[in-house]
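Shown here: structure02.cif, mmCIF, N, CA and C atoms.
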data_data
loop_
_atom_site.label_atom_id
_atom_site.label_comp_id
_atom_site.auth_asym_id
_atom_site.auth_seq_id
_atom_site.Cartn_x
_atom_site.Cartn_y
_atom_site.Cartn_z
N MET I 6 -10.58 -31.18 -10.02
CA MET I 6 -11.85 -30.47 -10.11
C MET I 6 -12.09 -29.63 -8.86
N LYS I 7 -11.73 -30.20 -7.70
CA LYS I 7 -11.91 -29.45 -6.45
C LYS I 7 -11.06 -28.19 -6.46
N ASN I 8 -9.84 -28.30 -6.99
CA ASN I 8 -8.96 -27.13 -7.05
C ASN I 8 -9.54 -26.04 -7.94
N LEU I 9 -10.12 -26.43 -9.07
CA LEU I 9 -10.73 -25.47 -9.98
C LEU I 9 -11.90 -24.76 -9.30
N LEU I 10 -12.72 -25.51 -8.61
CA LEU I 10 -13.85 -24.91 -7.89
C LEU I 10 -13.38 -23.97 -6.80
N LEU I 11 -12.31 -24.33 -6.12
CA LEU I 11 -11.74 -23.48 -5.07
C LEU I 11 -11.24 -22.16 -5.67
N VAL I 12 -10.54 -22.23 -6.80
CA VAL I 12 -10.04 -21.03 -7.45
C VAL I 12 -11.20 -20.13 -7.87
N ILE I 13 -12.24 -20.72 -8.46
CA ILE I 13 -13.41 -19.94 -8.86
C ILE I 13 -14.06 -19.27 -7.67
N ALA I 14 -14.19 -19.99 -6.58
CA ALA I 14 -14.79 -19.43 -5.36
C ALA I 14 -13.96 -18.27 -4.82
N ILE I 15 -12.65 -18.42 -4.81
CA ILE I 15 -11.78 -17.35 -4.30
C ILE I 15 -11.88 -16.12 -5.19
N LEU I 16 -11.85 -16.30 -6.51
CA LEU I 16 -11.96 -15.16 -7.42
C LEU I 16 -13.31 -14.46 -7.27
N THR I 17 -14.36 -15.22 -7.07
CA THR I 17 -15.69 -14.64 -6.87
C THR I 17 -15.72 -13.81 -5.60
N LEU I 18 -15.15 -14.34 -4.53
CA LEU I 18 -15.11 -13.61 -3.26
C LEU I 18 -14.27 -12.34 -3.38
N GLU I 19 -13.14 -12.41 -4.10
CA GLU I 19 -12.32 -11.21 -4.29
C GLU I 19 -13.09 -10.14 -5.05
N SER I 20 -13.81 -10.52 -6.09
CA SER I 20 -14.61 -9.55 -6.85
C SER I 20 -15.68 -8.94 -5.97
N TYR I 21 -16.32 -9.77 -5.16
CA TYR I 21 -17.37 -9.28 -4.26
C TYR I 21 -16.78 -8.30 -3.25
N ALA I 22 -15.63 -8.64 -2.68
CA ALA I 22 -15.00 -7.75 -1.69
C ALA I 22 -14.63 -6.43 -2.33
N PHE I 23 -14.10 -6.47 -3.54
CA PHE I 23 -13.74 -5.24 -4.25
C PHE I 23 -14.97 -4.35 -4.42
N ALA I 24 -16.05 -4.95 -4.89
CA ALA I 24 -17.27 -4.18 -5.12
C ALA I 24 -17.85 -3.63 -3.82
N GLN I 25 -17.60 -4.31 -2.70
CA GLN I 25 -18.12 -3.85 -1.42
C GLN I 25 -17.31 -2.69 -0.84
N ASP I 26 -16.02 -2.65 -1.12
CA ASP I 26 -15.13 -1.66 -0.52
C ASP I 26 -15.03 -0.35 -1.30
N VAL I 27 -15.25 -0.39 -2.59
CA VAL I 27 -14.96 0.74 -3.47
C VAL I 27 -16.21 1.19 -4.23
N VAL I 28 -16.34 2.50 -4.36
CA VAL I 28 -17.40 3.08 -5.19
C VAL I 28 -16.72 3.85 -6.32
N VAL I 29 -17.21 3.65 -7.54
CA VAL I 29 -16.72 4.40 -8.68
C VAL I 29 -17.86 5.32 -9.12
N LEU I 30 -17.56 6.61 -9.17
CA LEU I 30 -18.55 7.62 -9.56
C LEU I 30 -18.14 8.27 -10.87
N VAL I 31 -19.13 8.58 -11.70
CA VAL I 31 -18.90 9.34 -12.93
C VAL I 31 -19.94 10.45 -12.98
N HIS I 32 -19.69 11.44 -13.83
CA HIS I 32 -20.66 12.51 -14.03
C HIS I 32 -21.98 11.90 -14.49
N GLU I 33 -23.09 12.46 -14.04
CA GLU I 33 -24.41 11.88 -14.33
C GLU I 33 -24.71 11.79 -15.83
N ASN I 34 -24.08 12.59 -16.67
CA ASN I 34 -24.32 12.55 -18.11
C ASN I 34 -23.41 11.57 -18.84
N ASN I 35 -22.51 10.92 -18.12
CA ASN I 35 -21.64 9.92 -18.74
C ASN I 35 -22.50 8.70 -19.06
N PRO I 36 -22.44 8.19 -20.29
CA PRO I 36 -23.31 7.07 -20.66
C PRO I 36 -22.90 5.71 -20.10
N ILE I 37 -21.71 5.60 -19.52
CA ILE I 37 -21.29 4.26 -19.07
C ILE I 37 -22.12 3.82 -17.86
N THR I 38 -22.30 2.51 -17.75
CA THR I 38 -23.02 1.93 -16.61
C THR I 38 -22.13 0.96 -15.84
N SER I 39 -21.00 0.57 -16.45
CA SER I 39 -20.06 -0.31 -15.77
C SER I 39 -18.66 -0.02 -16.29
N ILE I 40 -17.67 -0.47 -15.51
CA ILE I 40 -16.27 -0.28 -15.88
C ILE I 40 -15.49 -1.48 -15.35
N SER I 41 -14.56 -1.95 -16.15
CA SER I 41 -13.73 -3.08 -15.69
C SER I 41 -12.66 -2.57 -14.74
N ARG I 42 -12.19 -3.46 -13.90
CA ARG I 42 -11.11 -3.09 -12.98
C ARG I 42 -9.88 -2.63 -13.76
N ALA I 43 -9.57 -3.35 -14.85
CA ALA I 43 -8.37 -3.02 -15.64
C ALA I 43 -8.49 -1.63 -16.27
N LEU I 44 -9.66 -1.32 -16.83
CA LEU I 44 -9.85 -0.01 -17.46
C LEU I 44 -9.83 1.10 -16.41
N LEU I 45 -10.44 0.86 -15.27
CA LEU I 45 -10.43 1.83 -14.18
C LEU I 45 -8.99 2.15 -13.78
N LYS I 46 -8.18 1.12 -13.62
CA LYS I 46 -6.78 1.32 -13.26
C LYS I 46 -6.06 2.12 -14.35
N ASN I 47 -6.31 1.81 -15.61
CA ASN I 47 -5.67 2.55 -16.71
C ASN I 47 -6.08 4.02 -16.69
N TYR I 48 -7.34 4.30 -16.40
CA TYR I 48 -7.80 5.69 -16.33
C TYR I 48 -7.13 6.44 -15.17
N ILE I 49 -7.08 5.81 -14.02
CA ILE I 49 -6.47 6.45 -12.84
C ILE I 49 -4.98 6.69 -13.07
N LEU I 50 -4.30 5.71 -13.68
CA LEU I 50 -2.86 5.84 -13.92
C LEU I 50 -2.55 6.64 -15.19
N LYS I 51 -3.58 7.13 -15.85
CA LYS I 51 -3.47 7.96 -17.05
C LYS I 51 -2.77 7.24 -18.20
N LYS I 52 -2.96 5.93 -18.24
CA LYS I 52 -2.52 5.17 -19.40
C LYS I 52 -3.51 5.40 -20.54
N GLU I 53 -4.73 5.76 -20.18
CA GLU I 53 -5.75 6.21 -21.12
C GLU I 53 -6.32 7.50 -20.53
N THR I 54 -6.49 8.51 -21.36
CA THR I 54 -6.87 9.83 -20.83
C THR I 54 -8.20 10.37 -21.36
N LEU I 55 -8.85 9.62 -22.26
CA LEU I 55 -10.11 10.07 -22.83
C LEU I 55 -11.17 8.98 -22.69
N TRP I 56 -12.41 9.42 -22.43
CA TRP I 56 -13.54 8.51 -22.49
C TRP I 56 -13.75 8.14 -23.96
N SER I 57 -14.52 7.09 -24.21
CA SER I 57 -14.79 6.68 -25.59
C SER I 57 -15.48 7.80 -26.39
N SER I 58 -16.15 8.72 -25.68
CA SER I 58 -16.81 9.86 -26.33
C SER I 58 -15.82 10.94 -26.77
N GLY I 59 -14.57 10.82 -26.31
CA GLY I 59 -13.57 11.83 -26.61
C GLY I 59 -13.38 12.85 -25.49
N GLU I 60 -14.25 12.80 -24.49
CA GLU I 60 -14.16 13.72 -23.34
C GLU I 60 -12.93 13.37 -22.50
N LYS I 61 -12.21 14.40 -22.05
CA LYS I 61 -11.04 14.20 -21.20
C LYS I 61 -11.47 13.64 -19.85
N ILE I 62 -10.77 12.63 -19.37
CA ILE I 62 -11.07 12.04 -18.06
C ILE I 62 -10.45 12.91 -16.98
N VAL I 63 -11.27 13.29 -16.01
CA VAL I 63 -10.81 14.05 -14.85
C VAL I 63 -10.92 13.09 -13.65
N ALA I 64 -9.80 12.45 -13.34
CA ALA I 64 -9.80 11.43 -12.28
C ALA I 64 -9.49 12.04 -10.93
N VAL I 65 -10.29 11.66 -9.93
CA VAL I 65 -10.06 12.10 -8.56
C VAL I 65 -10.08 10.88 -7.65
N VAL I 66 -9.18 10.89 -6.69
CA VAL I 66 -9.01 9.75 -5.78
C VAL I 66 -8.91 10.26 -4.35
N PRO I 67 -9.04 9.36 -3.37
CA PRO I 67 -8.94 9.79 -1.97
C PRO I 67 -7.56 10.36 -1.64
N SER I 68 -7.54 11.34 -0.76
CA SER I 68 -6.28 11.92 -0.31
C SER I 68 -5.54 10.93 0.59
N VAL I 69 -4.24 11.14 0.70
CA VAL I 69 -3.40 10.26 1.52
C VAL I 69 -3.91 10.16 2.95
N GLN I 70 -4.48 11.24 3.47
CA GLN I 70 -4.94 11.26 4.86
C GLN I 70 -6.26 10.52 5.07
N SER I 71 -6.98 10.21 4.01
CA SER I 71 -8.31 9.62 4.18
C SER I 71 -8.25 8.11 4.39
N LYS I 72 -9.29 7.59 5.00
CA LYS I 72 -9.41 6.16 5.25
C LYS I 72 -9.43 5.38 3.93
N GLY I 73 -10.01 5.96 2.91
CA GLY I 73 -10.15 5.28 1.63
C GLY I 73 -8.88 5.17 0.80
N TYR I 74 -7.82 5.89 1.19
CA TYR I 74 -6.60 5.87 0.39
C TYR I 74 -5.99 4.48 0.33
N ALA I 75 -5.89 3.80 1.47
CA ALA I 75 -5.31 2.45 1.51
C ALA I 75 -6.18 1.48 0.71
N ILE I 76 -7.49 1.64 0.81
CA ILE I 76 -8.41 0.78 0.06
C ILE I 76 -8.23 1.03 -1.44
N PHE I 77 -8.13 2.29 -1.83
CA PHE I 77 -7.90 2.66 -3.22
C PHE I 77 -6.61 2.02 -3.75
N LEU I 78 -5.53 2.15 -3.01
CA LEU I 78 -4.26 1.56 -3.45
C LEU I 78 -4.37 0.05 -3.61
N ARG I 79 -4.95 -0.58 -2.61
CA ARG I 79 -5.04 -2.05 -2.60
C ARG I 79 -6.03 -2.57 -3.63
N GLU I 80 -7.22 -2.03 -3.66
CA GLU I 80 -8.30 -2.60 -4.46
C GLU I 80 -8.34 -2.12 -5.90
N VAL I 81 -7.94 -0.89 -6.16
CA VAL I 81 -8.01 -0.36 -7.52
C VAL I 81 -6.67 -0.51 -8.23
N LEU I 82 -5.60 -0.11 -7.57
CA LEU I 82 -4.30 -0.12 -8.24
C LEU I 82 -3.48 -1.39 -7.98
N ALA I 83 -3.81 -2.10 -6.92
CA ALA I 83 -3.03 -3.28 -6.51
C ALA I 83 -1.56 -2.88 -6.33
N MET I 84 -1.35 -1.76 -5.64
CA MET I 84 -0.01 -1.23 -5.38
C MET I 84 0.10 -0.82 -3.92
N ASP I 85 1.33 -0.76 -3.43
CA ASP I 85 1.53 -0.14 -2.13
C ASP I 85 1.88 1.33 -2.37
N LYS I 86 1.96 2.11 -1.31
CA LYS I 86 2.17 3.56 -1.45
C LYS I 86 3.50 3.88 -2.14
N ALA I 87 4.56 3.17 -1.78
CA ALA I 87 5.87 3.45 -2.37
C ALA I 87 5.86 3.19 -3.88
N THR I 88 5.21 2.12 -4.30
CA THR I 88 5.14 1.79 -5.73
C THR I 88 4.33 2.84 -6.48
N TYR I 89 3.21 3.25 -5.88
CA TYR I 89 2.38 4.28 -6.51
C TYR I 89 3.13 5.61 -6.60
N ASP I 90 3.80 6.01 -5.53
CA ASP I 90 4.57 7.25 -5.55
C ASP I 90 5.64 7.22 -6.63
N ARG I 91 6.33 6.09 -6.75
CA ARG I 91 7.38 5.94 -7.77
C ARG I 91 6.76 6.03 -9.18
N TYR I 92 5.61 5.40 -9.35
CA TYR I 92 4.92 5.47 -10.66
C TYR I 92 4.58 6.91 -11.01
N LEU I 93 4.06 7.66 -10.03
CA LEU I 93 3.67 9.05 -10.29
C LEU I 93 4.85 9.91 -10.71
N ILE I 94 5.99 9.71 -10.06
CA ILE I 94 7.20 10.46 -10.43
C ILE I 94 7.63 10.11 -11.84
N GLU I 95 7.66 8.81 -12.15
CA GLU I 95 8.05 8.38 -13.49
C GLU I 95 7.08 8.92 -14.54
N MET I 96 5.78 8.87 -14.24
CA MET I 96 4.76 9.34 -15.18
C MET I 96 4.96 10.82 -15.48
N LYS I 97 5.20 11.59 -14.44
CA LYS I 97 5.35 13.04 -14.63
C LYS I 97 6.55 13.35 -15.52
N PHE I 98 7.67 12.67 -15.28
CA PHE I 98 8.87 12.96 -16.07
C PHE I 98 8.82 12.33 -17.46
N ARG I 99 8.16 11.19 -17.59
CA ARG I 99 8.09 10.49 -18.87
C ARG I 99 7.07 11.14 -19.81
N SER I 100 5.89 11.46 -19.27
CA SER I 100 4.81 11.93 -20.14
C SER I 100 4.40 13.38 -19.89
N GLY I 101 4.80 13.93 -18.76
CA GLY I 101 4.40 15.29 -18.42
C GLY I 101 2.98 15.39 -17.89
N LEU I 102 2.29 14.25 -17.75
CA LEU I 102 0.92 14.25 -17.25
C LEU I 102 0.89 14.44 -15.74
N ALA I 103 -0.11 15.15 -15.28
CA ALA I 103 -0.31 15.31 -13.84
C ALA I 103 -1.06 14.08 -13.32
N PRO I 104 -0.78 13.65 -12.10
CA PRO I 104 -1.50 12.50 -11.54
C PRO I 104 -2.96 12.82 -11.26
N ALA I 105 -3.73 11.78 -10.99
CA ALA I 105 -5.11 11.97 -10.55
C ALA I 105 -5.09 12.88 -9.33
N ARG I 106 -6.04 13.79 -9.24
CA ARG I 106 -6.10 14.73 -8.11
C ARG I 106 -6.60 14.01 -6.88
N GLU I 107 -6.03 14.35 -5.75
CA GLU I 107 -6.44 13.76 -4.47
C GLU I 107 -7.32 14.76 -3.72
N PHE I 108 -8.43 14.25 -3.17
CA PHE I 108 -9.35 15.07 -2.40
C PHE I 108 -9.84 14.29 -1.19
N ASP I 109 -10.30 15.03 -0.19
CA ASP I 109 -11.01 14.42 0.92
C ASP I 109 -12.21 13.69 0.32
N GLU I 110 -12.50 12.50 0.81
CA GLU I 110 -13.57 11.69 0.20
C GLU I 110 -14.94 12.37 0.21
N GLY I 111 -15.20 13.20 1.18
CA GLY I 111 -16.47 13.90 1.21
C GLY I 111 -16.63 14.90 0.07
N PHE I 112 -15.51 15.28 -0.55
CA PHE I 112 -15.54 16.26 -1.62
C PHE I 112 -15.50 15.63 -3.02
N ILE I 113 -15.12 14.35 -3.11
CA ILE I 113 -14.99 13.68 -4.41
C ILE I 113 -16.28 13.75 -5.24
N PRO I 114 -17.47 13.48 -4.67
CA PRO I 114 -18.68 13.58 -5.51
C PRO I 114 -18.91 14.98 -6.08
N ASN I 115 -18.54 16.02 -5.34
CA ASN I 115 -18.67 17.39 -5.85
C ASN I 115 -17.79 17.61 -7.08
N VAL I 116 -16.55 17.15 -7.00
CA VAL I 116 -15.61 17.35 -8.10
C VAL I 116 -16.07 16.57 -9.33
N VAL I 117 -16.46 15.32 -9.14
CA VAL I 117 -16.92 14.50 -10.26
C VAL I 117 -18.16 15.11 -10.90
N GLY I 118 -19.03 15.67 -10.08
CA GLY I 118 -20.28 16.24 -10.58
C GLY I 118 -20.14 17.51 -11.38
N VAL I 119 -19.04 18.23 -11.22
CA VAL I 119 -18.87 19.48 -12.00
C VAL I 119 -18.02 19.28 -13.24
N ALA I 120 -17.38 18.13 -13.38
CA ALA I 120 -16.53 17.86 -14.54
C ALA I 120 -17.21 16.82 -15.42
N LEU I 121 -17.52 17.19 -16.67
CA LEU I 121 -18.20 16.25 -17.57
C LEU I 121 -17.43 14.93 -17.71
N GLY I 122 -16.12 15.00 -17.64
CA GLY I 122 -15.30 13.79 -17.74
C GLY I 122 -14.93 13.22 -16.39
N GLY I 123 -15.64 13.64 -15.34
CA GLY I 123 -15.31 13.24 -13.98
C GLY I 123 -15.36 11.74 -13.74
N LEU I 124 -14.38 11.26 -13.00
CA LEU I 124 -14.27 9.87 -12.58
C LEU I 124 -13.71 9.88 -11.17
N GLY I 125 -14.46 9.37 -10.23
CA GLY I 125 -14.00 9.36 -8.85
C GLY I 125 -14.03 7.97 -8.26
N VAL I 126 -13.06 7.70 -7.42
CA VAL I 126 -12.98 6.44 -6.69
C VAL I 126 -12.94 6.78 -5.22
N MET I 127 -13.77 6.09 -4.43
CA MET I 127 -13.77 6.36 -3.00
C MET I 127 -14.21 5.13 -2.22
N ASN I 128 -13.96 5.18 -0.94
CA ASN I 128 -14.36 4.14 0.00
C ASN I 128 -15.89 4.11 0.08
N ARG I 129 -16.47 2.94 -0.06
CA ARG I 129 -17.93 2.82 -0.03
C ARG I 129 -18.51 3.39 1.26
N SER I 130 -17.85 3.20 2.38
CA SER I 130 -18.40 3.67 3.65
C SER I 130 -18.46 5.20 3.73
N ALA I 131 -17.69 5.89 2.88
CA ALA I 131 -17.70 7.36 2.86
C ALA I 131 -18.73 7.91 1.88
N TRP I 132 -19.30 7.08 1.03
CA TRP I 132 -20.23 7.51 -0.01
C TRP I 132 -21.62 7.71 0.58
N LYS I 133 -22.09 8.94 0.49
CA LYS I 133 -23.43 9.31 0.96
C LYS I 133 -24.21 9.88 -0.22
N PRO I 134 -24.95 9.01 -0.97
CA PRO I 134 -25.67 9.50 -2.15
C PRO I 134 -26.61 10.66 -1.81
N SER I 135 -26.67 11.62 -2.72
CA SER I 135 -27.54 12.78 -2.53
C SER I 135 -27.90 13.34 -3.90
N PRO I 136 -29.14 13.81 -4.06
CA PRO I 136 -29.54 14.41 -5.33
C PRO I 136 -28.73 15.67 -5.68
N GLU I 137 -28.10 16.27 -4.69
CA GLU I 137 -27.32 17.49 -4.97
C GLU I 137 -26.06 17.17 -5.78
N TYR I 138 -25.57 15.95 -5.70
CA TYR I 138 -24.40 15.55 -6.50
C TYR I 138 -24.88 15.20 -7.90
N LYS I 139 -24.19 15.66 -8.87
CA LYS I 139 -24.54 15.36 -10.27
C LYS I 139 -23.71 14.17 -10.75
N VAL I 140 -23.79 13.08 -9.98
CA VAL I 140 -22.99 11.88 -10.26
C VAL I 140 -23.87 10.64 -10.25
N LYS I 141 -23.30 9.57 -10.78
CA LYS I 141 -23.94 8.27 -10.66
C LYS I 141 -22.85 7.24 -10.36
N GLU I 142 -23.26 6.19 -9.68
CA GLU I 142 -22.35 5.09 -9.38
C GLU I 142 -22.38 4.12 -10.54
N VAL I 143 -21.20 3.63 -10.92
CA VAL I 143 -21.13 2.63 -11.98
C VAL I 143 -20.66 1.30 -11.42
N LYS I 144 -21.12 0.25 -12.03
CA LYS I 144 -20.79 -1.11 -11.60
C LYS I 144 -19.36 -1.45 -12.01
N ILE I 145 -18.66 -2.14 -11.15
CA ILE I 145 -17.30 -2.58 -11.42
C ILE I 145 -17.37 -4.03 -11.89
N THR I 146 -16.76 -4.29 -13.04
CA THR I 146 -16.75 -5.64 -13.59
C THR I 146 -15.31 -6.15 -13.65
N GLU I 147 -15.20 -7.42 -13.86
CA GLU I 147 -13.86 -8.01 -14.04
C GLU I 147 -13.50 -7.84 -15.48
#

In structure tokens, how does this file's structure come out?
Amino acid sequence: MKNLLLVIAILTLESYAFAQDVVVLVHENNPITSISRALLKNYILKKETLWSSGEKIVAVVPSVQSKGYAIFLREVLAMDKATYDRYLIEMKFRSGLAPAREFDEGFIPNVVGVALGGLGVMNRSAWKPSPEYKVKEVKITE
């Protein structure tokens, strides 16, 4: 019983840490209010390319140079850089799809706000909410 409680506590802390480190933004007209970690990963990796409404997903992620890139790899994709790079090469040759676009984190809300299908992931510490962005933050669920 103690082991089960310990596992539950660890999983709860991991979920809390994930939610504290990462912000997921969508266009303000997107009806979703939450997204699972698994679905978020599928959208970023382009395993799924359309919202349930049929709108094309326009995924944007932190650039390699940004502080949020390592957090994005670890918390959203659960990959290291070499694994992600290899996945992107395979994806391009296998499906012809372009990877999620990389931007400076300060620019991610702008990109998400102009694309109806916008989906952005960024480091929470870089997120500065403003009415000028046409985005909303969505809750991350397990």

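Applied to this file, the PyMOL selection byres ((chain I and resi 28-34) around 6.5) selects the residues Ala24, Gln25, Asp26, Val27, Asn35, Pro36, Ile37, Val117, Gly118, Ala120, Leu121, Gly122, Gly123, Leu124, Gly125, Val126, Met127, Asn128, Arg129, Lys139, Val140, Lys141, Glu142 and Val143 of chain I.
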
Please identify the alpha helix (DSSP H) residues within stretch 50-107 of chain I (assignment by DSSP from backbone atoms) and present them as a list in words. Gly73, Tyr74, Ala75, Ile76, Lys86, Ala87, Thr88, Tyr89, Asp90, Arg91, Tyr92, Leu93, Ile94, Glu95, Met96, Lys97, Phe98, Arg99 and Ser100 of chain I

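When the PyMOL selection byres ((chain I and resi 45-60) around 8) is run on the displayed coordinates, the residues it returns are Ile40, Ser41, Arg42, Ala43, Leu44, Lys61, Ile62, Val63, Ala64, Val65, Val81, Leu82, Ala83, Met96, Leu102, Ala103, Pro104, Ala105, Leu121, Gly122 and Gly123 of chain I.
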
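Relative to atom CA of I:Thr38, atom N of I:Lys72 is found at 26.2 Å.
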
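You will find atom N of I:Pro114 at 10.5 Å from atom C of I:Ser135.
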
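Here atom C of I:Ala131 and atom N of I:Phe112 stand 8.4 Å from one another.
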
Return the padded bounding box of stretch 96-104 of chain I as JSON: axis-aligned, built from all atoms listed in the file, 5 Å added on each side, with centre and edge lengths in Å to one decimal.
{"center_x": 3.0, "center_y": 12.1, "center_z": -15.7, "size_x": 21.8, "size_y": 16.5, "size_z": 18.9}
